[in-house]
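Have a look at the structure below, then the notes.
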Amino acid sequence: MKHGKKRIAKIVDELVTYFFSIGATDIDINLKEEKEYYQISVKCNYSCKDQGKIDKLIKYLKCAKQEEMEEYFWELAGDSDVDTELTLVGMMTDEAEISCNDNTIEVNLIRYKI
Amino acid sequence: MAAYRKNKIQENIITNNMKYLILGGYALSLIIFGLLTDTPEKILKGLYNILTEPDTLITDYIGVGGIGASFINSGLLTLIFLFILYKLKLNINGVSIASLFLIAGFGLFGKNLLNVWFIILGVYLYAKTQKNKFSKYIYIALFGTAMGPMVTEILFSTTLSKAISIPLGAIVGISIGFILPPLSTYLLRVHQGFNLYNIGFTAGMIGTVFVSIFKSYGFLPSPRFIWTSGNNKLLSVYLFLMFFSMILLGYYLNNRSFNKVKDITTYPGRLVADFVILEGFAPTLINMGINGFIATIYILLVKGDLNGPTIGGIFTVVGFGAFGKHPKNILPIFLGVFIGSLTKIWNINDPAILLAALFGTALAPIAGEFGWHYGVIAAFIHSSVVLNVGVLHGGLNLYNNGFAAGIVAAILVPIIEAFRKDDF
């Protein structure tokens, strides 16, 4: 696969852009490369009172992995700050776990290398 | 703290096989309609003509081979590609539906059972050289068949001997397919996904380069204009039946309701807006049917002709009803082209302007994201740009509107964004 690491950077870019859009001011990013997978963990606060935006985040990241969509569209991830490409992030990752309460969101994504 | 985990790929009760069957049914309906409208002799002769003539824009296959042959060409192509998706074990989602309806639509004016395979082979070879699965590039291959006329233009050239034109046509087609995947992915960034026909933009760029080289050696693509009229009654009956069946079937599969159809209109439609994944297959089918009615009624209202090219445009609006287009973001595009016709030198039902309205809906995400007024402006500009860019690729890129829409989006979106008030 070409641009493997750039794709990881794009996923992080998209997540950070989205978290900024919901008013995050304190974002922790942890990016780990293991033998078989990459793990992306992001934890942040948020100030947005629009529950719809949080619901969208959950819905989009829960999208199933789709290699054929990724191969064509991955360059779009993190490319725009007026709209979200979180569905694409969902399609580029194998596992996603999203936890949230009134003040904090925590996202853990796994992307296998093969 | 609430926690959520990832979905499995399957979606509720509508299985993937059922989606294949439904899409196969629509492809089959094209073939049946073709068989009902012409005699077998006429169909065979028509198919021969379609396969052995150049397909430069605008070549209406109804004019080349008759209604029967052109619909059978379209139906067979769609069935073959549907079968390929099935063999590759792909899930039917919005992009699959969009690409298949694009094949069906252009099967009536430019893509045929001969000229698409060289591009597909080129993409296949690219996948193999990258040591990747072909399935990863299948949608690029399907959309990429827009460059089919480049192959036939050389294959059936009257200025080259067959000993040169046949291998040259094949090599050019394969080369285009080979370079398409990296280019199409890269060029997405130019318009940031606000042009739904990204491959059209890519093919326009490739076509411009190839045709420039051709011209340097004295080889000029021959312009064509084959446009039929007088079949509105027959063709509109078929189209309305098809779109009505989509709404009915979608309603039935959606537990006899129109739930979630309205939710589809809340998406801006910018790439990647896959309505099948986001809202489900059944509401998407209803949205496709509604889009089909709007596009067909528009053509009839402006007293345009229903023929290969316009039905191609209508099928594209229908197909992308699963991948970015809905009534709320396409109507401003039709309005923009209509307003253009009031002030510019052409008529609203001129062939190129009918196509500009239908295919201009590639810019629907601009209306969806920034508001209907920007959609109107985008369409107003698009209807002029599209008349001016065809010469660059000599009409050899079937998605000429996609090329123009890419240019319009690349120019317009940064300007709109620069003056947006709701920045964060």
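Identifiers in the structure tokens: chain A, B, ... in order shown; residue index from 1 per chain; ligand index from 1 in order shown.
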
Tell me, as a PDB file with C-alpha atoms, in the first residue's frame, which residues lie within 9 Å of Asn103 (chain A), counting only C-alpha atoms; anything in the same chain fewer than 5 positions away does not count.
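To be explicit, this is the file written out as result.pdb:
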ATOM      1  CA  CYS A  44     -10.483  15.749  24.366  1.00  0.00           C
ATOM      2  CA  ASN A  45     -12.908  18.051  26.053  1.00  0.00           C
ATOM      3  CA  TYR A  46     -15.732  19.705  24.101  1.00  0.00           C
ATOM      4  CA  SER A  47     -18.039  22.625  24.569  1.00  0.00           C
TER       5      SER A  47
END

Check: Any idea what's packed within 8 Å of region 303-316 of chain B, counting only C-alpha atoms, ignoring anything in its chain fewer than 5 positions away? Could you give it as a PyMOL selection string?
Finding: chain B and resi 58-62+70+98+101-102+104-109+227-232+235-236+292+295-296+349-351+354-355+358-359

Closest-contact table, chain A side, partner chain B, 8 Å, counting only C-alpha atoms, as a Markdown table:
| residue | atom | partner | partner_atom | distance |
| --- | --- | --- | --- | --- |
| A:Met1 | CA | B:Asn132 | CA | 7.2 |
| A:Phe20 | CA | B:Phe424 | CA | 7.5 |
| A:Ser21 | CA | B:Phe424 | CA | 6.3 |
| A:Ile58 | CA | B:Tyr4 | CA | 7.2 |
| A:Tyr60 | CA | B:Leu278 | CA | 7.8 |
| A:Leu61 | CA | B:Lys6 | CA | 7.2 |
| A:Lys62 | CA | B:Lys6 | CA | 4.2 |
| A:Cys63 | CA | B:Asn7 | CA | 6.0 |
| A:Ala64 | CA | B:Ile9 | CA | 5.2 |
| A:Lys65 | CA | B:Ile9 | CA | 7.6 |
| A:Glu67 | CA | B:Lys136 | CA | 5.9 |
| A:Glu68 | CA | B:Lys136 | CA | 4.0 |
| A:Met69 | CA | B:Lys136 | CA | 7.5 |
| A:Glu71 | CA | B:Lys136 | CA | 6.1 |
| A:Tyr72 | CA | B:Thr185 | CA | 5.4 |
| A:Phe73 | CA | B:Thr185 | CA | 6.1 |
| A:Trp74 | CA | B:Thr185 | CA | 7.5 |
| A:Glu75 | CA | B:Thr185 | CA | 6.3 |
| A:Leu76 | CA | B:Arg189 | CA | 6.4 |
| A:Asp79 | CA | B:Gln192 | CA | 6.8 |
| A:Ser80 | CA | B:Gln192 | CA | 6.8 |
| A:Val82 | CA | B:Glu417 | CA | 7.8 |
| A:Asp83 | CA | B:Glu369 | CA | 7.6 |
| A:Glu85 | CA | B:Val272 | CA | 7.0 |
| A:Thr87 | CA | B:Val272 | CA | 7.3 |
| A:Leu88 | CA | B:Val272 | CA | 6.9 |
| A:Glu95 | CA | B:Lys6 | CA | 6.0 |
| A:Ala96 | CA | B:Lys6 | CA | 5.2 |
| A:Glu97 | CA | B:Arg5 | CA | 4.8 |
| A:Ile98 | CA | B:Tyr4 | CA | 5.1 |
| A:Ser99 | CA | B:Ala3 | CA | 4.2 |
| A:Cys100 | CA | B:Ala2 | CA | 5.5 |
| A:Asn101 | CA | B:Met1 | CA | 4.9 |

Margin query: Given only C-alpha atoms as the basis, pick out the residue of B:Ile72, B:Ile43, B:Val276, B:Leu51 nearest to Leu155 (chain B).
Written below: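 Using only C-alpha atoms, the shortest distance to Leu155 (chain B) belongs to B:Leu51.
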
Notebook entry, point to check: Which neighbours of Ile29 (chain A) fall inside 8 Å, counting only C-alpha atoms, when residues of the same chain fewer than 6 positions from it are skipped, and could you give them as JSON, numbers by chain?
Noted result: {"A": [40, 41, 42, 43]}

Next item on the list: From a DSSP pass on the backbone, collect the residues of region 19-65 of chain A flagged as strand (DSSP E or B) and hand them back as a list in words.
Entry: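 Selecting the strand (DSSP E or B) positions of region 19-65 of chain A gives Ile27, Asp28, Ile29, Asn30, Leu31, Lys32, Glu33, Tyr37, Tyr38, Gln39, Ile40, Ser41, Val42, Lys43, Cys44 and Asn45 of chain A.
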
Could the residues in this selection be saved with N, CA and C atoms as a PDB file, in the first residue's frame?
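Output below, filename part-v2.pdb:
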ATOM      1  N   ILE A  27      -6.645  18.677  23.754  1.00  0.00           N
ATOM      2  CA  ILE A  27      -6.692  17.419  22.993  1.00  0.00           C
ATOM      3  C   ILE A  27      -5.426  16.599  23.246  1.00  0.00           C
ATOM      4  N   ASP A  28      -5.617  15.366  23.683  1.00  0.00           N
ATOM      5  CA  ASP A  28      -4.486  14.431  23.849  1.00  0.00           C
ATOM      6  C   ASP A  28      -4.518  13.427  22.712  1.00  0.00           C
ATOM      7  N   ILE A  29      -3.394  13.330  21.993  1.00  0.00           N
ATOM      8  CA  ILE A  29      -3.337  12.354  20.893  1.00  0.00           C
ATOM      9  C   ILE A  29      -2.232  11.360  21.192  1.00  0.00           C
ATOM     10  N   ASN A  30      -2.568  10.089  21.067  1.00  0.00           N
ATOM     11  CA  ASN A  30      -1.552   9.064  21.235  1.00  0.00           C
ATOM     12  C   ASN A  30      -1.569   8.157  20.020  1.00  0.00           C
ATOM     13  N   LEU A  31      -0.440   8.107  19.354  1.00  0.00           N
ATOM     14  CA  LEU A  31      -0.357   7.331  18.112  1.00  0.00           C
ATOM     15  C   LEU A  31       0.718   6.276  18.277  1.00  0.00           C
ATOM     16  N   LYS A  32       0.331   5.007  18.115  1.00  0.00           N
ATOM     17  CA  LYS A  32       1.277   3.927  18.373  1.00  0.00           C
ATOM     18  C   LYS A  32       1.373   3.006  17.169  1.00  0.00           C
ATOM     19  N   GLU A  33       2.589   2.696  16.747  1.00  0.00           N
ATOM     20  CA  GLU A  33       2.738   1.695  15.680  1.00  0.00           C
ATOM     21  C   GLU A  33       3.177   0.386  16.303  1.00  0.00           C
ATOM     22  N   TYR A  37      -0.496  -3.509  13.701  1.00  0.00           N
ATOM     23  CA  TYR A  37      -1.524  -2.462  13.551  1.00  0.00           C
ATOM     24  C   TYR A  37      -1.041  -1.099  14.056  1.00  0.00           C
ATOM     25  N   TYR A  38      -1.813  -0.089  13.701  1.00  0.00           N
ATOM     26  CA  TYR A  38      -1.618   1.245  14.266  1.00  0.00           C
ATOM     27  C   TYR A  38      -2.763   1.488  15.239  1.00  0.00           C
ATOM     28  N   GLN A  39      -2.446   2.146  16.346  1.00  0.00           N
ATOM     29  CA  GLN A  39      -3.508   2.511  17.277  1.00  0.00           C
ATOM     30  C   GLN A  39      -3.519   4.021  17.434  1.00  0.00           C
ATOM     31  N   ILE A  40      -4.691   4.603  17.210  1.00  0.00           N
ATOM     32  CA  ILE A  40      -4.843   6.045  17.340  1.00  0.00           C
ATOM     33  C   ILE A  40      -5.816   6.306  18.486  1.00  0.00           C
ATOM     34  N   SER A  41      -5.333   6.995  19.508  1.00  0.00           N
ATOM     35  CA  SER A  41      -6.214   7.324  20.632  1.00  0.00           C
ATOM     36  C   SER A  41      -6.263   8.832  20.783  1.00  0.00           C
ATOM     37  N   VAL A  42      -7.461   9.355  20.832  1.00  0.00           N
ATOM     38  CA  VAL A  42      -7.618  10.799  21.008  1.00  0.00           C
ATOM     39  C   VAL A  42      -8.603  11.036  22.145  1.00  0.00           C
ATOM     40  N   LYS A  43      -8.203  11.907  23.067  1.00  0.00           N
ATOM     41  CA  LYS A  43      -9.099  12.254  24.172  1.00  0.00           C
ATOM     42  C   LYS A  43      -9.179  13.777  24.225  1.00  0.00           C
ATOM     43  N   CYS A  44     -10.376  14.285  24.329  1.00  0.00           N
ATOM     44  CA  CYS A  44     -10.483  15.749  24.366  1.00  0.00           C
ATOM     45  C   CYS A  44     -11.719  16.191  25.125  1.00  0.00           C
ATOM     46  N   ASN A  45     -11.699  17.455  25.491  1.00  0.00           N
ATOM     47  CA  ASN A  45     -12.908  18.051  26.053  1.00  0.00           C
ATOM     48  C   ASN A  45     -13.732  18.611  24.893  1.00  0.00           C
TER      49      ASN A  45
END

Next item on the list: Name the residues in contact with Asn17 (chain B) at a cut-off of 10 Å, using only C-alpha atoms, excluding same-chain residues fewer than 4 positions from it; report them as a PyMOL selection string.
Entry: chain B and resi 21-23+86+91-92

Give me a file of those residues, with N, CA and C atoms, as a PDB file, in the first residue's frame.
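File produced: out17.pdb:
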ATOM      1  N   LEU B  21     -29.741  -8.350  -6.705  1.00  0.00           N
ATOM      2  CA  LEU B  21     -30.910  -8.755  -7.506  1.00  0.00           C
ATOM      3  C   LEU B  21     -31.689  -7.536  -8.000  1.00  0.00           C
ATOM      4  N   ILE B  22     -31.858  -6.554  -7.128  1.00  0.00           N
ATOM      5  CA  ILE B  22     -32.624  -5.357  -7.511  1.00  0.00           C
ATOM      6  C   ILE B  22     -31.890  -4.606  -8.617  1.00  0.00           C
ATOM      7  N   LEU B  23     -30.580  -4.413  -8.444  1.00  0.00           N
ATOM      8  CA  LEU B  23     -29.818  -3.699  -9.482  1.00  0.00           C
ATOM      9  C   LEU B  23     -29.794  -4.507 -10.783  1.00  0.00           C
ATOM     10  N   TYR B  86     -19.923  -8.602  -8.162  1.00  0.00           N
ATOM     11  CA  TYR B  86     -20.373  -9.780  -7.412  1.00  0.00           C
ATOM     12  C   TYR B  86     -19.224 -10.774  -7.236  1.00  0.00           C
ATOM     13  N   ASN B  91     -19.543  -5.374  -1.315  1.00  0.00           N
ATOM     14  CA  ASN B  91     -20.848  -4.967  -0.807  1.00  0.00           C
ATOM     15  C   ASN B  91     -21.400  -3.848  -1.665  1.00  0.00           C
ATOM     16  N   ILE B  92     -22.680  -3.927  -1.932  1.00  0.00           N
ATOM     17  CA  ILE B  92     -23.311  -2.853  -2.703  1.00  0.00           C
ATOM     18  C   ILE B  92     -23.535  -1.665  -1.766  1.00  0.00           C
TER      19      ILE B  92
END

Next item on the list: Write out as a PyMOL selection string each polymer residue whose atoms come within 9 Å of region 378-386 of chain B, counting only C-alpha atoms; drop sequence neighbours fewer than 2 positions from it.
Entry: chain B and resi 332-341+344+352-353+356-357+360-361+363-364+366-367+373-376+388-390+400-405+407-409+412

Checklist line | Option closest in space to Ala27 (chain B), from B:Leu125, B:Met242, B:Ile226, B:Ile290 [counting only C-alpha atoms] | finding: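 Using only C-alpha atoms, the shortest distance to Ala27 (chain B) belongs to B:Met242.
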
Note to self: Using DSSP secondary structure from the backbone, list all alpha helix (DSSP H) positions within chain A, as a count of residues only.
What the structure shows: 43
